[in-house]
Every structure is written in C-alpha cells, then in structure tokens.
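What follows is a set of notes on a single structure, which appears directly below.
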Amino acid sequence: MGLMPRSLPASRTQRSAIPYLLLNCPLTDPTTPYHSIPYLTGTTAQAGFSAFRAVDVNVEALNYLAKAEHVERLLASSEQRRREIESRANLSREEQLLYPVLLGGVGLARDAVEQALDVFRTAEKFYSYPRYRRAVMTIKRWLVLLEAQGPPMLYDGFDLNRNGPVNLNNIQDLTSPAFLDQIDAVIRPYLDGPFVELLAAETWRVVGLSINYLSQLPFALSLLRRIRAACPSATVVVGGTEVSDDVKYLRSGADIWQLYSDADLIVAGEGESALTAILEAARTGGVGEIPPPGVISRGAPISAAQIVYEDVSSLPSPRYDVWDWSRYWSPEPVILYSPTRGCYWNKCTFCDYGLNSDRPTSPSRERDPERVVEELASLSASARTIYFAVDAMSPIYLRRLCEAIAASGLEVRWSAELRLERSFPAPGMSERLRRAGCVAISFGYESATQRILDLINKGIRISDVPRVLMALKDVGIGAQMMGFTGFPSETTDEAAETYTFLLKHHDLWTIAGIGEFVLTRGSIVARQPEHFGVALHEHPACDDIERWIPWSAIGPSSEVPLLSQLDAEMAITRLAQKVMRFVDDRPFVGGIDSGHSLLYFARNGPQLLPADWQQDDPWVANGDLPLLRTPFADLPAFTQRRELEDFHKQAWLAGEADTSVLEQWLHDTRVLEVAPAGTLVEITPSGYVLPVVGATGSESEAYSHLRRLILQSRGVA
C-alpha cells in the first residue's frame with residue numbers, strides 16, 4: 001500500500017476518493033452557464049471532496065447536435081417527414097402545426113449551425129450586428145427543427161410553451177414514458193453517445209442534477225431515468241430553483257416522489273451545506289433516517305425539509321474553472337456571480353421567490369466587498385464581464401461594493417438587476433457606478449401608475465424614475481426596464497400608462513419587457529386577498545403543481561377589469577408593439593440581462609447596437625431565399641400555434657388539461673384543399689414561411705408587405 005499524501009489528513013484523503021458527478025440540465029441558455037454548480041463545487045472541494053466532474057449537459061448536447069453530420073441527419077429526417085405529410089390531404093392538427101416547421105428546414109446548409117456558432121465565439125464576427133443577426137436566425141431555425149423531434153410546439157426557443165401539448169403542472173403527463181421518450185428524441189444522438197460514455201466513465205457514488213428553470217424539467221426527468229438505469233448504486237440527488245418551486249407548489253407534498261421517482265434525495269433550497277453533508281454521508285455509509293438540513297430523503301414528506309440559508313459571508317469561493325468556457329456561445333466568458341442573496345427590501349406584495357414562508361423572499365445576506373473584489377480579481381485573468389445575479393442589493397452595500405471595485409483598479413464590466421432607488425440621482429452615485437465598471441442596470445419599475453406602485457409596496461415614486469434614468473444615461477450606463485400589467489384592481493387606462501410612460505421617456509432606456517401579473521401562493525396578495533379586492537378560486541383538478549392561483553376581482557375594481565374589451569386589448573397591444581425595439585429576446589442581443597446584451601452594452605454603450613450598423617450592406621436581396629411549391633392551396637388555413645394555446649387554456653379552465661384531452665385535439669383531422677398549382681412559398685433566413693403565389697397565380701398580399709418589411713429591417717423575419 002502506498003504512502004498517504006502528507007498534505008491531506010486521512011479523513012480528507014477518504015473524501016477525495018468519493019467520485020461524484022454534477023450535471024446542468026437542458027434546455028436553457030447556452031451562452032453562459034448558471035452559477036449553481038460553481039458555488040456547490042467551491043464548497044464541497046474545500047471540504048475535501050475533490051473527485052468531482054461537472055458537465056453542462058445543456059451546452060454539450062447542443063454543441064454535439066450542431067455538428068454538420070447531425071444537422072444533415074436532422075435535415076434529411078425533416079425532409080422525409082415533410083414529404084410524408086405532402087403525400088396526403090387528410091392531415092391532423094399536429095401535422096398541420098408541424099408542416100410549416102419542416103418547411104423551414106429547406107435551404108439550410110449542413111454546416112450552417114457550426115458557422116453560426118463560430119460567429120458567436122469570434123469577437124470580430126460577433127460584434128458585426130448584421131452578421132450576428134444572421135447567426136441568430138440560423139440558430140432559431142435549427143432549434144425549431146430540433147425541437148420538432150419532440151412533443152409538438154412544446155418548446156419555444158430555450159423556453160417552454162406553458163399552453164402547449166402537455167400540462168406542465170400534471171405529474172402523470174410529465175412522467176409518462178411516452179412523453180419522456182419524445183423528450184429523449186430531441187437530443188437522442190447525444191444521449192446515446194457522449195452521455196452514455198459519461199455515465200460509464202466512473203463508478204459514481206453521487207450524481208446530482210441542477211434544475212433551475214421549468215424549461216429544464218422535462219429533460220431532467222429524462223436524464224434521471226437514464227441515470228437510474230446506468231448507475232443503480234449511485235445516490236441520485238436533484239436540486240435547484242425549479243425543484244424548490246415543485247416542493248413549494250405541489251398540491252400534495254407526497255407527490256414529490258412521484259415526480260422525482262428516480263431520485264434518492266431532494267435538496268430543497270440552497271445547496272452548498274446540503275451537498276457537502278450528502279457526500280459525507282456517502283463516505284460513511286449513506287444518508288440515515290434523519291437527513292441533513294435542507295434535504296428530503298426518499299419517501300419523506302416535504303414538511304420534513306428544513307430550510308437552510310447559507311452564511312454568504314463565509315462561503316468558499318465558487319469554482320468557475322469547472323467549465324470549459326470555449327464551449328459556450330459567446331466570444332468571451334460572461335460569469336454569473338452573487339455577492340448577495342435574498343432581498344433587503346422584501347416587501348413587494350406580488351413577489352414569491354424561494355422557500356421562505358414568512359416573507360416574499362429569503363432574508364438578505366451580504367459578502368464583504370473586499371472579499372468580492374478578491375474573487376473578481378482571481379477571475380479577471382480569464383473573464384472580465386460579470387453579471388451580479390442577485391435578488392436586490394441594498395443602496396448602502398452597492399455603494400460600498402462600487403467603492404471597493406473602483407479602489408482596486410480592477411477592470412471589470414458588470415450589470416445587475418437593482419431596485420430603483422432615490423439614491424441613484426444623488427450627487428456622485430451614477431459616476432460611482434460607472435467608475436466601478438457598471439455598463440447596464442435592469443430595473444423592475446413594475447407599473448407607471450403610483451396607485452398600483454403603492455399597492456405593490458414598491459417604495460418608489462414614479463415621478464423620480466426619469467431622473468434616475470437620466471443620471472445613468474449621462475454617464476453611459478444602459479437601462480433595461482421591466483414591468484407588468486394586470487395587478488389586482490388595475491384599470492385598462494392604468495395598464496396603458498405602463499407602456500406610454502416608456503414611450504414618453506423613450507430616450508432614457510434601451511430594452512424593455514412588460515409581462516402579465518401572475519398570482520402565486522406565497523405572495524402577500526395571496527395571503528391577504530381581501531385587502532387587494534381579490535377572490536381566490538379553486539385550482540383546476542388537472543394540476544398537481546399549483547404554480548399560480550386562479551383569481552378574479554371583487555368590489556368596485558371588477559367594473560373595469562383589465563383587457564375586458566377587444567378595443568382596449570388592441571390598443572394596449574399596439575402600445576406594446578411600439579415599445580419593442582429589438583427582434584430577439586433572451587439569450588440574444590435584445591434580451592434583458594442576457595450575456596450577449598451585456599457584451600454589446602460593454603462594447604457600444606447605452607445604445608446597445610453600434611452606431612453605424614445600418615451602414616453595412618443589406619444581406620437580404622431579392623431572389624436569394626429558397627422558393628418551394630407546396631401541394632396545399634391554402635397554408636394560412638392550417639392549424640396555428642395560437643389555436644393550440646387557446647384550446648389548452650379552455651381545457652385548463654375546465655379542469656381537463658391533460659395528455660388524453662390534448663392529444664385527442666391534436667390528432668383530430670380534416671381534409672385540406674389540394675391544388676395542382678399549390679402554393680409557392682419563400683423560406684426566410686429564420687425559417688419563417690411566406691406564401692408568395694397562391695393557387696390562383698396572384699402574388700400574396702402578405703408576401704408583398706412582409707418582403708418590404710424584411711428588406712427595410714435587414715432580415716427581421
């Protein structure tokens with residue numbers, strides 16, 4: 001027997017011999033990785049558990065499938081499916097939804113995706129916006145084809161369609177073998193190749209899955225099934241913000257083990273201490289009847305979980321060296337880093353984040369700014385662009401952090417989501433932010449109506465916001481604005497004001513996103529519905545995970561419900577269209593807080609795009625897009641995505657949104673008109689299908705109009 005290394009005591013040597021695997025699950029942002037695994041490995045490695053391997057399955061699977069040979073197979077498969085549909089006229093709704101998607105593959109070259117990724121990874125190409133947009137459209141076009149291998153219309157880029165072909169709140173739907181087989185199909189070449197090899201590379205003692213977004217949940221369940229079969233002796237652990245949401249919102253806590261039937265342990269909440277304890281238990285024989293705090297053992301009720309709030313001030317440094325940054329879709333790393341956790345304000349009445357039970361979110365905890373600067377300095381050799389992934393930093397802490405960064409001379413560029421504070425226009429604050437390297441800030445201004453802001457308990461005056469934005473603009477910091485409509489008692493005019501405020505101050509912000517209010521169980525509104533004029537309704541029986549609460553207004557506010565009239569809805573829709581400035585959303589340029597947007601802010605300032613980008617030669621010219629004649633006389637008559645979404649919503653309200661009902665609707669057929677002349681269509685660079693000439697031989701009015709728009713906007717479609 002060899003000598004034990006003198007640098008490690010016996011217990012730490014034993015810990016280092018525990019092989020464990022940590023996986024980031026698809027499908028999510030491939031431009032930069034989520035930061036959970038670096039924080040986990042920073043803590044576990046310092047505790048002596050150094051025999052780990054971290055794999056970002058999300059980016060690895062996408063990169064593998066982007067290879068020319070896999071794209072070629074995808075295009076051939078799509079072509080075969082398209083011709084099968086064209087061979088008959090009696091098409092199901094599912095086939096009608098699928099057909100335009102398959103048409104979008106026509107003209108896509110086998111190496112187009114690799115070329116697009118090269119644009120993302122090469123600075124000179126990345127910062128040429130017309131060239132960048134071509135790459136984005138290629139990726140979108142490929143993703144649609146890739147996702148069409150699975151459930152129809154389930155994915156929407158890197159997000160999920162909540163009103164698609166499956167009820168994402170129904171456990172039976174989510175865990176059905178047929179559904180998981182369909183999910184598998186999207187990335188099966190990777191799963192059957194590199195992923196099999198990964199699982200066989202070591203006798204893993206612990207396998208942990210990081211699941212932080214709903215978009216990752218279907219793939220995570222699919223991976224769990226494979227891990228359980230390939231690694232029967234491993235302790236399989238799931239954790240992440242999506243897992244915490246499932247723990248929090250399940251109608252019946254016991255159902256958590258039906259959802260994660262292939263897992264052994266569930267980490268509820270923050271995971272550094274929990275994973276370290278799990279690894280220690282694996283070293284000494286396994287988790288006993290009493291699991292560590294923050295961990296739910298198999299079969300135990302959710303109520304047994306103890307919520308753990310880590311001591312942020314004393315956590316070990318995160319390990320960003322776990323990733324090969326060249327694998328990501330950016331010309332340089334954009335690192336997510338959390339100097340604080342929780343929210344110092346913690347009063348907003350709509351908020352409901354994490355497992356905290358007495359306040360909207362977890363308590364605020366801060367890392368010493370000097371320690372933050374040390375960690376950023378250690379990163380600066382390989383990464384200079386940081387996104388501070390925080391809930392909210394207090395003004396005092398933000399000031400201290402900015403002063404520490406500026407005093408260090410550290411050359412970093414950063415962005416963060418911050419609360420709108422009156423201190424921003426105070427003398428010197430915006431300059432302090434800029435000296436510290438801030439290039440952009442995203443603000444949740446929520447509403448432009450003071451009455452609604454007071455109900456939200458936002459703690460700001462809308463009249464102060466323009467001065468805040470002006471102070472930032474004066475020093476070259478970009479502003480990203482976030483709000484929502486539909487808060488209880490909000491009128492149509494008040495909702496419209498949230499948009500008109502942005503239009504009125506259009507020169508003070510760069511990107512804006514306005515969503516719709518969703519009522520969740522842990523919010524103050526849900527706990528005190530009578531105070532907000534809200535009546536809570538029974539959740540539809542088809543939902544096992546109650547991610548939101550059905551509600552209606554009571555009292556005087558019900559006389560003017562939001563968007564109750566078609567003309568009001570159309571007016572607000574038009575306002576929303578005027579506010580939108582960028583075609584692309586996350587994770588691309590134009591998406592709030594996306595890594596690509598942050599890099600463009602750092603390069604070009606608050607205008608985001610290079611000032612002279614429109615001087616480049618147009619890349620779309622007449623006659624350079626693929627033309628194809630389809631046998632169907634009237635493609636616009638095909639079932640549209642919105643019809644599926646409308647049906648799903650209606651079924652949900654009736655408590656019948658489950659696989660059997662949704663599949664029956666998708667499988668219903670109707671006879672479509674087939675004409676010898678068919679329809680001549682043009683395939684745009686993003687895969688959008690434009691009817692050019694119909695069966696009558698006349699040019700499509702829609703085509704003429706959209707063609708002009710395409711040329712004017714350099715390929716927006």
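Just remember, in the structure tokens the first chain shown is A, the second B, etc., residues are 1-based per chain, and ligands are 1-based in the order shown.
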Compile the contact shell of range 50-53 of chain A as an NGL selection string: residues with an atom at most 9 Å away, counting only C-alpha atoms, same-chain residues fewer than 4 positions apart removed. :A and (15-23 or 41 or 44-46 or 322)
How would the residues just picked look written out with N, CA and C atoms as a PDB file, in the first residue's frame?
```
ATOM      1  N   ARG A  15     -12.261  11.498   1.679  1.00  0.00           N
ATOM      2  CA  ARG A  15     -13.266  12.317   0.995  1.00  0.00           C
ATOM      3  C   ARG A  15     -12.906  12.509  -0.472  1.00  0.00           C
ATOM      4  N   SER A  16     -11.619  12.705  -0.740  1.00  0.00           N
ATOM      5  CA  SER A  16     -11.202  12.955  -2.118  1.00  0.00           C
ATOM      6  C   SER A  16     -11.409  11.738  -3.008  1.00  0.00           C
ATOM      7  N   ALA A  17     -11.639  10.576  -2.374  1.00  0.00           N
ATOM      8  CA  ALA A  17     -11.830   9.347  -3.153  1.00  0.00           C
ATOM      9  C   ALA A  17     -13.296   9.080  -3.467  1.00  0.00           C
ATOM     10  N   ILE A  18     -14.188   9.997  -3.102  1.00  0.00           N
ATOM     11  CA  ILE A  18     -15.615   9.834  -3.394  1.00  0.00           C
ATOM     12  C   ILE A  18     -15.910  10.475  -4.749  1.00  0.00           C
ATOM     13  N   PRO A  19     -16.072   9.681  -5.825  1.00  0.00           N
ATOM     14  CA  PRO A  19     -16.342  10.280  -7.139  1.00  0.00           C
ATOM     15  C   PRO A  19     -17.805  10.718  -7.253  1.00  0.00           C
ATOM     16  N   TYR A  20     -17.999  11.970  -7.631  1.00  0.00           N
ATOM     17  CA  TYR A  20     -19.378  12.450  -7.803  1.00  0.00           C
ATOM     18  C   TYR A  20     -19.469  13.305  -9.065  1.00  0.00           C
ATOM     19  N   LEU A  21     -20.656  13.274  -9.631  1.00  0.00           N
ATOM     20  CA  LEU A  21     -20.927  13.902 -10.924  1.00  0.00           C
ATOM     21  C   LEU A  21     -22.044  14.914 -10.760  1.00  0.00           C
ATOM     22  N   LEU A  22     -21.820  16.140 -11.233  1.00  0.00           N
ATOM     23  CA  LEU A  22     -22.829  17.197 -11.165  1.00  0.00           C
ATOM     24  C   LEU A  22     -23.182  17.637 -12.579  1.00  0.00           C
ATOM     25  N   LEU A  23     -24.484  17.694 -12.859  1.00  0.00           N
ATOM     26  CA  LEU A  23     -24.958  17.948 -14.216  1.00  0.00           C
ATOM     27  C   LEU A  23     -25.868  19.169 -14.260  1.00  0.00           C
ATOM     28  N   THR A  41     -19.444  23.265  -6.009  1.00  0.00           N
ATOM     29  CA  THR A  41     -18.119  22.635  -6.019  1.00  0.00           C
ATOM     30  C   THR A  41     -17.094  23.451  -5.241  1.00  0.00           C
ATOM     31  N   THR A  44     -17.849  22.078  -1.701  1.00  0.00           N
ATOM     32  CA  THR A  44     -17.557  20.661  -1.489  1.00  0.00           C
ATOM     33  C   THR A  44     -16.071  20.353  -1.673  1.00  0.00           C
ATOM     34  N   ALA A  45     -15.424  21.001  -2.620  1.00  0.00           N
ATOM     35  CA  ALA A  45     -13.992  20.758  -2.834  1.00  0.00           C
ATOM     36  C   ALA A  45     -13.177  21.242  -1.646  1.00  0.00           C
ATOM     37  N   GLN A  46     -13.558  22.379  -1.064  1.00  0.00           N
ATOM     38  CA  GLN A  46     -12.826  22.866   0.104  1.00  0.00           C
ATOM     39  C   GLN A  46     -12.994  21.913   1.285  1.00  0.00           C
ATOM     40  N   VAL A 322     -14.593  24.893 -13.317  1.00  0.00           N
ATOM     41  CA  VAL A 322     -15.244  23.610 -13.641  1.00  0.00           C
ATOM     42  C   VAL A 322     -15.716  23.581 -15.089  1.00  0.00           C
TER      43      VAL A 322
END
```
Once DSSP has gone over the backbone, tell me which residues of range 106-209 of chain A are in alpha helix (DSSP H), as a ChimeraX atom specification. /A:112-121,123-126,129-147,171-175,177-186,188-190,196-200
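Among A:Ala148, A:Arg574, A:Val206, A:Ile441, the residue with the shortest atom-to-atom distance to Val186 in chain A, counting only C-alpha atoms, is A:Ala148.
Closest approach to Trp509 in chain A among A:Asp658, A:Glu86, A:Asp159, A:Asp474: A:Asp474, based on only C-alpha atoms.
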Each residue of range 492-566 of chain A lying at most 12 Å from range 591-603 of chain A should get a row with its shortest atom-to-atom pair and the distance in Å to one decimal, counting only C-alpha atoms; could you produce that, ordered by chain and increasing number, as a Markdown table?
```
| residue | atom | partner | partner_atom | distance |
| --- | --- | --- | --- | --- |
| A:Trp509 | CA | A:Ile592 | CA | 11.7 |
| A:Thr510 | CA | A:Ile592 | CA | 9.5 |
| A:Ile511 | CA | A:Ile592 | CA | 6.6 |
| A:Ala512 | CA | A:Ile592 | CA | 7.4 |
| A:Gly513 | CA | A:Ile592 | CA | 7.5 |
| A:Ile514 | CA | A:Ile592 | CA | 11.0 |
```
So the first atom is CA of Ile139 in chain A and the second is CA of Ser382 in chain A; what is the distance between them in Å, to one decimal place? 26.7 Å
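Ranking A:Asp324, A:Asp311, A:Asp507, A:Glu497 by their shortest atom-to-atom distance to Arg581 in chain A, with only C-alpha atoms included, puts A:Asp507 first.
Distance-wise, CA of Ser338 in chain A and CA of Val390 in chain A end up 5.7 Å apart.
Note that CA of Gly483 in chain A and CA of Tyr34 in chain A are 23.9 Å apart.
Restricting the calculation to only C-alpha atoms, the smallest distance between Glu124 in chain A and any of A:Pro100, A:Leu672, A:Glu332, A:Trp551 is found for A:Glu332.
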List the spatial neighbours of range 366-372 of chain A as a ChimeraX atom specification - criterion: any atom at most 9 Å away, only C-alpha atoms, same-chain residues fewer than 4 positions off excluded. /A:311-315,338-342,376-377,393,397,400-405
Go ahead and dump the residues you just picked, C-alpha atoms, as an mmCIF file, in the first residue's frame.
```cif
data_model
loop_
_atom_site.group_PDB
_atom_site.id
_atom_site.type_symbol
_atom_site.label_atom_id
_atom_site.label_comp_id
_atom_site.auth_asym_id
_atom_site.auth_seq_id
_atom_site.Cartn_x
_atom_site.Cartn_y
_atom_site.Cartn_z
ATOM 1 C CA ASP A 311 -23.888 32.206 5.521
ATOM 2 C CA VAL A 312 -22.896 34.106 2.390
ATOM 3 C CA SER A 313 -20.118 35.946 4.205
ATOM 4 C CA SER A 314 -18.203 32.723 4.914
ATOM 5 C CA LEU A 315 -18.934 30.540 1.879
ATOM 6 C CA SER A 338 -23.698 36.508 -6.381
ATOM 7 C CA PRO A 339 -22.226 38.985 -3.878
ATOM 8 C CA THR A 340 -25.541 38.932 -2.002
ATOM 9 C CA ARG A 341 -28.507 36.609 -1.600
ATOM 10 C CA GLY A 342 -32.067 37.447 -0.698
ATOM 11 C CA LEU A 376 -13.327 39.088 -9.053
ATOM 12 C CA ALA A 377 -9.609 39.734 -9.322
ATOM 13 C CA MET A 393 -28.592 44.795 -3.199
ATOM 14 C CA TYR A 397 -23.980 47.742 0.159
ATOM 15 C CA ARG A 400 -19.516 50.020 -0.611
ATOM 16 C CA LEU A 401 -19.087 47.482 -3.407
ATOM 17 C CA CYS A 402 -18.622 50.176 -6.048
ATOM 18 C CA GLU A 403 -16.053 51.964 -3.919
ATOM 19 C CA ALA A 404 -14.131 48.726 -3.319
ATOM 20 C CA ILE A 405 -14.070 47.839 -7.036
#
```
